[in-house]
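Since the structure comes first, as structure tokens, the remarks are kept for the end.
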6 protein chains.
Amino acid sequence: MELEPVKTFLGATAANKIQPGINLVGICYDGTTSFRPGTRFGPDAFRDASYGQESFSPYFRTDIEDKKIYDLGNLPQFTSRFDRIQECFAELVKEADLKKSKIITLGGEHSLSQIPVSHYLKTYDDLVVLQFDAHADLREQYLDDPHSHASVMRRIAEAMNEKQKIVQYGIRSGTKEEYNYMESKGTLMPNFKALYDFLQESKAPLYITLDLDFFDPSELPGTGTPEAGGHSFKEWIELLKILKDKTIVGGDIVELSPPIDSTGNSNSFAAKVLRELIAIL
Amino acid sequence: MELEPVKTFLGATAANKIQPGINLVGICYDGTTSFRPGTRFGPDAFRDASYGQESFSPYFRTDIEDKKIYDLGNLPQFTSRFDRIQECFAELVKEADLKKSKIITLGGEHSLSQIPVSHYLKTYDDLVVLQFDAHADLREQYLDDPHSHASVMRRIAEAMNEKQKIVQYGIRSGTKEEYNYMESKGTLMPNFKALYDFLQESKAPLYITLDLDFFDPSELPGTGTPEAGGHSFKEWIELLKILKDKTIVGGDIVELSPPIDSTGNSNSFAAKVLRELIAIL
Amino acid sequence: MELEPVKTFLGATAANKIQPGINLVGICYDGTTSFRPGTRFGPDAFRDASYGQESFSPYFRTDIEDKKIYDLGNLPQFTSRFDRIQECFAELVKEADLKKSKIITLGGEHSLSQIPVSHYLKTYDDLVVLQFDAHADLREQYLDDPHSHASVMRRIAEAMNEKQKIVQYGIRSGTKEEYNYMESKGTLMPNFKALYDFLQESKAPLYITLDLDFFDPSELPGTGTPEAGGHSFKEWIELLKILKDKTIVGGDIVELSPPIDSTGNSNSFAAKVLRELIAIL
Amino acid sequence: MELEPVKTFLGATAANKIQPGINLVGICYDGTTSFRPGTRFGPDAFRDASYGQESFSPYFRTDIEDKKIYDLGNLPQFTSRFDRIQECFAELVKEADLKKSKIITLGGEHSLSQIPVSHYLKTYDDLVVLQFDAHADLREQYLDDPHSHASVMRRIAEAMNEKQKIVQYGIRSGTKEEYNYMESKGTLMPNFKALYDFLQESKAPLYITLDLDFFDPSELPGTGTPEAGGHSFKEWIELLKILKDKTIVGGDIVELSPPIDSTGNSNSFAAKVLRELIAIL
Amino acid sequence: MELEPVKTFLGATAANKIQPGINLVGICYDGTTSFRPGTRFGPDAFRDASYGQESFSPYFRTDIEDKKIYDLGNLPQFTSRFDRIQECFAELVKEADLKKSKIITLGGEHSLSQIPVSHYLKTYDDLVVLQFDAHADLREQYLDDPHSHASVMRRIAEAMNEKQKIVQYGIRSGTKEEYNYMESKGTLMPNFKALYDFLQESKAPLYITLDLDFFDPSELPGTGTPEAGGHSFKEWIELLKILKDKTIVGGDIVELSPPIDSTGNSNSFAAKVLRELIAIL
Amino acid sequence: MELEPVKTFLGATAANKIQPGINLVGICYDGTTSFRPGTRFGPDAFRDASYGQESFSPYFRTDIEDKKIYDLGNLPQFTSRFDRIQECFAELVKEADLKKSKIITLGGEHSLSQIPVSHYLKTYDDLVVLQFDAHADLREQYLDDPHSHASVMRRIAEAMNEKQKIVQYGIRSGTKEEYNYMESKGTLMPNFKALYDFLQESKAPLYITLDLDFFDPSELPGTGTPEAGGHSFKEWIELLKILKDKTIVGGDIVELSPPIDSTGNSNSFAAKVLRELIAIL
């Protein structure tokens, strides 16, 4: 009989520092969320919901219990000090080798993605950041905050060298200026085929940032800025079938807002999305 | 710094009478709702939800801020006096020229549609009323009320001259009698192609009445009489692509019931549906 | 004016024993539910939600009021005594002729299905149990309970003779062992075509057990262990079109958990699923 | 084993006409509700919630199963035809002797009270209508409807002869005009002692109309127009201890709005309030 | 920076076996809950809610961080095997000295209390079990289950020797038989003074079983069988002021049902109730 | 017939700058909320809920429509830029005379109070800030943010001269350090009498900061950090009866979190609290 108040994702091993293998790290932050807050409760929701699920992926015939997965819990909480979260994350990865340890950050809001990405950009000089999202997130700034969730991809773009690249898929909301930006930079994949072709050709290491509002709000209602006309879980599996043969070095899943969806189904959905992502790593 | 307790849809201009251009008018009425009430809170929900959205439509590459849109707020509330709402609406349009001013009425329940339609029928003697809906709404009467939401299209049909016409799409619920009526009158478009063909040929001015239960309850849960097997937001965009080249003279969007959907996503969905409709006007 | 505190499904006739025709029997039991309980409230939710619906099926052009349908209410409630429910059900069917009376059991959790099935297996020695479900439900046991919902199909398999057979469709969750079992026994229909082909050839009497988590959680959120990537109402209609010409001798619809979905739409969805099933009987 | 889809309040006997004894009649109407609708679901909520309660009142050491209580279910539903409800109620009581049969009407909104009261006023020419309520409900009319819930006590007052009288307790909301009216007519009991004194002296037959917003919204959140600063369940018991020795000839409990309170506790509260009222009849 | 996915109550030390000091043990079981289930989620809700609270009790001027408190997490989950939970608990306490280690069990439903109590009855032969509860819980059995929550105090009474004793406070619901039992046995304290007097005289070791429906549903809505007319948090503090000087050897807090109360306030309330209980230990 | 999409509190006059009289200003900010966010939606909830209420206060026999009340809507929203809110507020009051214009700020979280208070401290050099609150809010800082809601009274204390003073009532949560601070400074009124005596003697101008968690969570569930054992609406009225004769120069009502309380009753409660405060100004 096993006791102790520990809750990890789908039976991952509890850990208190980055391990060789797959590492889950939660960040409970929604400080720039402009519409409906709540993603600070996201990381624990992945863990709680996983208790109603199998560790076996029937899509990839893989039991993720057979993989080396570590759950490090959550970073200390800060409500308004983005800089302090940056410092904590830096401390966490300081002694880790990101070429051996894959980190999947669980949000929290999308602005957080720039934190792990900044470390991955230093590690892989040809990194491709593959963004699944409903929103372009390319504003210069938003509500006078340069670290807003609505600017995160702009900040990431600014931090990139010339070999590094953003690829966007699922975008269906933005300002005219953001759409102009995407067009001039060629970051937006207009359809599945364009993405498929890109991935077929590219050999670059991939960082995946998945804003859960990529999915249709009917399947994942629990997110703060829902956008009708999104993608389905079945399409996610199709995407993973392509990504399975690529070099994925890290990623994040953000914008799960548990208080919004009282059914709890969004949490289950997100946990399954994560399980399948792990299944192909 | 702009202050004042004014809330308009997506930054429309506040107005207190009908203007040349596009006019939004809310009616907070659900007096005949037979199952689950709440659509009286619909009009304000369109406005509130629009604060989480962009004014730019990526589907039609249009920023609706570039259009002349006026928000007139809501008619005075009556809970049981349909006749008083009719009078108020009549007073509102008395000095307006419906050939220059397009009114989009925000419900409220579907029975309301007969009010603006009655004015449009007088203005355009070859008007086509295009109904997107899950329910036929063709009952002689319902619960002894001739102005019931379940009878609204019957009332509209009775008010039409021989050149005016009802066209129905999305219907998947009705009594045997209503289905017989639709068949004998030929109002029901059984599939997308039938609707497409009709619209290709017709040159008549169109009034669009959109009962939001036209959509699948998975995408829009916040409506009182949900009917599984409905249409999607993506299909709405396809429909608008056809309608874009037609002459739409007015319309209404009804049966949004905010209290039913605690996620608030139905409100966001409906606001986006309205934004895209405006984008093609 | 009709009075009396009686609530039947869609105007079915109230009855207190099994009648020749179609018989609805509720069982308010969720005693082994491991994740989120609440299906004990399922049976009454079918009845309540039916008040917002028509008795006419536009899909099969049938008014189910024209059929002989009886609603027997619910079995006495037991929270932890599965054996007592078995006894009560046995008492109910003791004097019924299952060749003339079709029983549709309304759950409650899936473990219940083994109760009516055990009687049908005695009545039809070539019975096919057709399972629509997200989960294999083939565990040896679960949480030390052999009558768990997660083991129900295993128990049914064990009770079958060699001519009787389980057919599974929609399964997308299970342990590695369950998937191995399904493959070695050939029970799992991997796609619609496989199911179609099987049904074309088979002449055996069919018992249908529908775990509502067969459907996608976006369409039916109100169930305890939702699994993304499920089936739609429209596919249900396609399935019924095939089943219409088969000999369906009984069935059950289980795992509706009304407390989970505060919109109430899951109840309406389930009631419509039941109406359409009745329409083809 | 008892079967049949019948649901009565706390094991009352199902009946289809008024019986000698205590008769419960539901009316599912909220047609003039001006703020948040939903009381149409009230009557069934009393019944459903009673399944979690004992029939024994520890306050009055009485098991209400020992009394003759009949549950007649609900009148037919009308959404906007108050006159049709009046007709149905009249039909129901036509052959009843209100001196032998006590009717407790379960709402539905407060405007309904004028219907049973109109019959009681004819039966008892010195009737006292004892109103427990947060709102005066004495407006001349509201939203142009003379039968509004906000006018119900005014209508009742107008229908009274000189010996009949309204007594109000718990009022804490009204217009200046309503407060002036109460003062000039002397209907408002300003505190418990005033009510106590009145009841000590009066020998008149009592009709009790209980608008559940009489209670504090903390104890009964499920009502449409909550008013802070209300009364408690413990005070209700104190009131019943006084009323126990009076001649109560009928009554109603109105304004329970189940959709507002997702805990369901308001339904349990209201059911217990009703149980205790029955306990002293 | 401290990482690891561990969640303890108010900063208690995580442990995997009983320690000298105060030990918290959760049991996620609601297998006999007859009305509305959900207490299986209770134990974790105490922990989660404690993150919004201080460790300092202003009522007793005590910081519970200064005490030796251990959180052992939850026992393995069983949905229907009460006997297996009994075995697990027995295994847990096998090597513990209950005279040095105080266990506070967090439910789960009330039937669980008989498990720790059975061990305490063996340890202290003059144990007084002090029950705070709305319900007598003294039925012979309920729904044919002798281990029902409605029978728990009866089972405990049966297990007692002549020196051991049950004392009940707050009871306001039961059958006539249960009230007769309480009277004949003298277990029920009819008011605060009676309890006070009893405690003044008694020197026996106390085990406290707190069914949270002891409290008024307005203050703690999140419980399955709410009973109006209950006690307040302020009264709890008054009770603890008396109990502070007594010998409390163990206890349990049961019947917190988080899914019922969507505000989460019931969890915060229960966590504070537990904090104050710990403050006086 | 009046149209236009304007929503003011209880029929206050819409305004776009500070007026002589009473001025309502909303600030939609919850940037440092550490537990459950949502107070950003507070200001509009006061307005929306007021539509279900009378403008007449029966407690003070005053119709607030007879007073000069202006509603200025909300300041521009910033999610993380407290300094920008300070600037906007400064701009708003720049040309106002705070001796003639009373501002009631509607929150938003409690950290906001330091903004209007900073202006009032400059205007009245003997200002007393009267804090009604459950929490001391006297931390040096919290989560590394000096402008945290948990530090607001500390910041205010630091900005005061020697004649200015903080008076705290209702506090029932804090760290040991905060309690030590309150004792050493003598700011905490331990009971009603102490507050009463203070107010009897003091002639200083009063600024009232009301954190709504001052009230018991049973009466006001919709707040982020509920603390059991709070005050009631009836006590609020008693407090206002004392304050009526004092010189109140401004105030704020903060920490209303509408998303937490799905009944909406917290909004109604808060609106009534505000109405009564206005009634005595």
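Letters A, B, ... mark the chains of the structure tokens in the order given; residue numbers begin at 1 per chain; ligand numbers begin at 1, in order shown.
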
Quick one: everything within 6 Å of E:Ser268, counting only C-alpha atoms, minus sequence neighbours fewer than 3 positions away in the same chain. Send it as a PyMOL selection string. chain E and resi 49+265+271

Could the residues in this selection be saved with N, CA, C and O atoms as a PDB file, in the first residue's frame?
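After the write, selection04.pdb holds the following:
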ATOM      1  N   ALA E  49      -7.850  23.793  -0.849  1.00  0.00           N
ATOM      2  CA  ALA E  49      -8.410  25.038  -0.302  1.00  0.00           C
ATOM      3  C   ALA E  49      -7.468  25.666   0.709  1.00  0.00           C
ATOM      4  O   ALA E  49      -7.482  26.880   0.909  1.00  0.00           O
ATOM      5  N   ASN E 265     -16.337  27.512  -1.880  1.00  0.00           N
ATOM      6  CA  ASN E 265     -16.294  28.055  -0.522  1.00  0.00           C
ATOM      7  C   ASN E 265     -16.461  26.985   0.545  1.00  0.00           C
ATOM      8  O   ASN E 265     -15.933  27.115   1.653  1.00  0.00           O
ATOM      9  N   ALA E 271     -11.698  23.492   5.404  1.00  0.00           N
ATOM     10  CA  ALA E 271     -10.265  23.577   5.713  1.00  0.00           C
ATOM     11  C   ALA E 271     -10.041  24.418   6.968  1.00  0.00           C
ATOM     12  O   ALA E 271      -9.185  24.102   7.804  1.00  0.00           O
TER      13      ALA E 271
END

Restrict the distance test to only C-alpha atoms, flag each residue of chain A within 9 Å of chain C, and return the flagged residues as a PDB file with N, CA and C atoms, in the first residue's frame.
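Done, and the output landed in out-v5.pdb:
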ATOM      1  N   TYR A  51      -6.110  10.987 -13.636  1.00  0.00           N
ATOM      2  CA  TYR A  51      -6.537   9.836 -12.829  1.00  0.00           C
ATOM      3  C   TYR A  51      -7.736   9.098 -13.425  1.00  0.00           C
ATOM      4  N   GLY A  52      -8.431   9.713 -14.369  1.00  0.00           N
ATOM      5  CA  GLY A  52      -9.538   9.027 -15.017  1.00  0.00           C
ATOM      6  C   GLY A  52      -9.148   8.427 -16.355  1.00  0.00           C
ATOM      7  N   GLN A  53      -7.844   8.331 -16.604  1.00  0.00           N
ATOM      8  CA  GLN A  53      -7.408   7.884 -17.934  1.00  0.00           C
ATOM      9  C   GLN A  53      -6.412   6.736 -17.860  1.00  0.00           C
ATOM     10  N   GLU A  54      -6.305   6.052 -18.989  1.00  0.00           N
ATOM     11  CA  GLU A  54      -5.341   4.969 -19.127  1.00  0.00           C
ATOM     12  C   GLU A  54      -3.976   5.541 -19.509  1.00  0.00           C
ATOM     13  N   SER A  55      -2.923   4.841 -19.171  1.00  0.00           N
ATOM     14  CA  SER A  55      -1.591   5.261 -19.612  1.00  0.00           C
ATOM     15  C   SER A  55      -1.274   4.710 -21.013  1.00  0.00           C
ATOM     16  N   PHE A  56      -2.174   3.928 -21.542  1.00  0.00           N
ATOM     17  CA  PHE A  56      -1.947   3.304 -22.848  1.00  0.00           C
ATOM     18  C   PHE A  56      -2.558   4.155 -23.955  1.00  0.00           C
ATOM     19  N   SER A  57      -1.764   4.475 -24.971  1.00  0.00           N
ATOM     20  CA  SER A  57      -2.276   5.188 -26.133  1.00  0.00           C
ATOM     21  C   SER A  57      -2.665   4.181 -27.213  1.00  0.00           C
ATOM     22  N   PRO A  58      -3.951   4.060 -27.501  1.00  0.00           N
ATOM     23  CA  PRO A  58      -4.339   3.127 -28.571  1.00  0.00           C
ATOM     24  C   PRO A  58      -3.973   3.664 -29.948  1.00  0.00           C
ATOM     25  N   TYR A  59      -3.731   4.981 -30.049  1.00  0.00           N
ATOM     26  CA  TYR A  59      -3.416   5.566 -31.348  1.00  0.00           C
ATOM     27  C   TYR A  59      -1.996   5.205 -31.774  1.00  0.00           C
ATOM     28  N   ARG A  61      -0.219   2.766 -29.946  1.00  0.00           N
ATOM     29  CA  ARG A  61       0.078   1.454 -29.373  1.00  0.00           C
ATOM     30  C   ARG A  61       1.249   1.514 -28.395  1.00  0.00           C
ATOM     31  N   THR A  62       1.210   2.537 -27.542  1.00  0.00           N
ATOM     32  CA  THR A  62       2.314   2.780 -26.622  1.00  0.00           C
ATOM     33  C   THR A  62       1.766   2.978 -25.219  1.00  0.00           C
ATOM     34  N   ASP A  63       2.395   2.381 -24.245  1.00  0.00           N
ATOM     35  CA  ASP A  63       2.043   2.662 -22.857  1.00  0.00           C
ATOM     36  C   ASP A  63       3.084   3.637 -22.324  1.00  0.00           C
ATOM     37  N   PRO A 217     -13.694  25.251 -29.523  1.00  0.00           N
ATOM     38  CA  PRO A 217     -14.257  25.389 -28.176  1.00  0.00           C
ATOM     39  C   PRO A 217     -15.308  24.334 -27.846  1.00  0.00           C
ATOM     40  N   SER A 218     -15.880  23.690 -28.847  1.00  0.00           N
ATOM     41  CA  SER A 218     -16.826  22.615 -28.534  1.00  0.00           C
ATOM     42  C   SER A 218     -16.093  21.447 -27.888  1.00  0.00           C
ATOM     43  N   GLU A 219     -14.876  21.187 -28.294  1.00  0.00           N
ATOM     44  CA  GLU A 219     -14.113  20.075 -27.726  1.00  0.00           C
ATOM     45  C   GLU A 219     -13.350  20.498 -26.482  1.00  0.00           C
ATOM     46  N   LEU A 220     -12.890  21.713 -26.460  1.00  0.00           N
ATOM     47  CA  LEU A 220     -12.177  22.236 -25.294  1.00  0.00           C
ATOM     48  C   LEU A 220     -12.767  23.590 -24.896  1.00  0.00           C
ATOM     49  N   PRO A 221     -13.855  23.569 -24.139  1.00  0.00           N
ATOM     50  CA  PRO A 221     -14.471  24.843 -23.748  1.00  0.00           C
ATOM     51  C   PRO A 221     -13.664  25.625 -22.718  1.00  0.00           C
ATOM     52  N   SER A 232      -9.847  19.680 -34.210  1.00  0.00           N
ATOM     53  CA  SER A 232     -10.405  18.599 -33.396  1.00  0.00           C
ATOM     54  C   SER A 232      -9.296  17.711 -32.840  1.00  0.00           C
ATOM     55  N   PHE A 233      -9.669  16.918 -31.846  1.00  0.00           N
ATOM     56  CA  PHE A 233      -8.733  15.939 -31.311  1.00  0.00           C
ATOM     57  C   PHE A 233      -8.274  14.967 -32.396  1.00  0.00           C
ATOM     58  N   LYS A 234      -9.184  14.583 -33.257  1.00  0.00           N
ATOM     59  CA  LYS A 234      -8.795  13.661 -34.331  1.00  0.00           C
ATOM     60  C   LYS A 234      -7.715  14.274 -35.225  1.00  0.00           C
ATOM     61  N   SER A 262     -17.121  23.839 -16.136  1.00  0.00           N
ATOM     62  CA  SER A 262     -17.517  23.142 -14.909  1.00  0.00           C
ATOM     63  C   SER A 262     -17.683  21.640 -15.112  1.00  0.00           C
ATOM     64  N   THR A 263     -17.730  21.175 -16.362  1.00  0.00           N
ATOM     65  CA  THR A 263     -17.819  19.730 -16.576  1.00  0.00           C
ATOM     66  C   THR A 263     -16.504  19.037 -16.252  1.00  0.00           C
ATOM     67  N   GLY A 264     -15.404  19.767 -16.287  1.00  0.00           N
ATOM     68  CA  GLY A 264     -14.101  19.141 -16.113  1.00  0.00           C
ATOM     69  C   GLY A 264     -13.605  18.441 -17.359  1.00  0.00           C
ATOM     70  N   ASN A 265     -14.422  18.412 -18.398  1.00  0.00           N
ATOM     71  CA  ASN A 265     -14.015  17.671 -19.590  1.00  0.00           C
ATOM     72  C   ASN A 265     -12.826  18.304 -20.296  1.00  0.00           C
ATOM     73  N   SER A 268      -9.771  16.766 -18.927  1.00  0.00           N
ATOM     74  CA  SER A 268      -9.563  15.421 -19.468  1.00  0.00           C
ATOM     75  C   SER A 268      -9.042  15.477 -20.893  1.00  0.00           C
ATOM     76  N   PHE A 269      -9.608  16.390 -21.664  1.00  0.00           N
ATOM     77  CA  PHE A 269      -9.178  16.563 -23.043  1.00  0.00           C
ATOM     78  C   PHE A 269      -7.693  16.941 -23.089  1.00  0.00           C
ATOM     79  N   LYS A 272      -5.349  14.189 -22.187  1.00  0.00           N
ATOM     80  CA  LYS A 272      -5.203  13.202 -23.259  1.00  0.00           C
ATOM     81  C   LYS A 272      -4.332  13.750 -24.386  1.00  0.00           C
ATOM     82  N   VAL A 273      -4.462  15.025 -24.675  1.00  0.00           N
ATOM     83  CA  VAL A 273      -3.601  15.688 -25.663  1.00  0.00           C
ATOM     84  C   VAL A 273      -2.134  15.556 -25.242  1.00  0.00           C
TER      85      VAL A 273
END

Stretch 32-218 of chain B: residues DSSP assigns to strand (DSSP E or B), reported as a VMD selection string: chain B and resid 56 to 57 62 to 63 69 to 74 101 to 106 128 to 132 135 142 145 165 to 169 173 188 to 189 206 to 211 215

Could you name the residues that touch stretch 143-151 of chain E at 7 Å or less, counting only C-alpha atoms, but leaving out those on the same chain fewer than 2 positions away, as a count of residues only? 14

Within 12 Å of C:Leu195, counting only C-alpha atoms, which residues show up once you throw out same-chain ones fewer than 3 positions away? Write them as a list of chain:residue names, please.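 With the cut-off at 12 Å, the set is C:Leu130, C:Gln131, C:Phe132, C:Val167, C:Gln168, C:Tyr169, C:Gly170, C:Gly186, C:Thr187, C:Leu188, C:Met189, C:Pro190, C:Asn191, C:Phe192, C:Phe198, C:Leu199, C:Gln200, C:Glu201, C:Ser202, C:Glu238, C:Leu239, C:Ile242, C:Leu243.
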
Quick one: everything within 7 Å of stretch 46-48 of chain D, counting only C-alpha atoms, minus sequence neighbours fewer than 3 positions away in the same chain. Send it as a list in words. Lys7, Thr8, Phe9, Leu10, Gly42, Pro43, Tyr51, Asn267, Ala270 and Ala271 of chain D

Any idea what the distance is between atom CA of F:Tyr120 and atom CA of F:Glu65? 26.3 Å

Give the alpha helix (DSSP H) residues of stretch 38-245 of chain F, as DSSP finds them on the backbone, and put them as a PyMOL selection string. chain F and resi 42-50+82-93+114-123+152-159+176-185+192-201+233-243

Which polymer residues have any atom within 9 Å of an atom of stretch 82-96 of chain B, counting only C-alpha atoms, with same-chain residues fewer than 2 positions away left out, as a ChimeraX atom specification? /B:17-20,27,29,31,75-80,98-101,112,115-116,119,147 /D:144 /F:1

Leaving out F:Asp30 and any residue of its chain fewer than 4 positions from it, which residues lie within 6 Å of it when counting only C-alpha atoms, given as an NGL selection string? :F and (39-40 or 108-109)

How many Å lie between atom CA of F:Glu178 and atom CA of E:Lys244, rounded to one decimal?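 Atom CA of E:Lys244 lies 24.5 Å from atom CA of F:Glu178.
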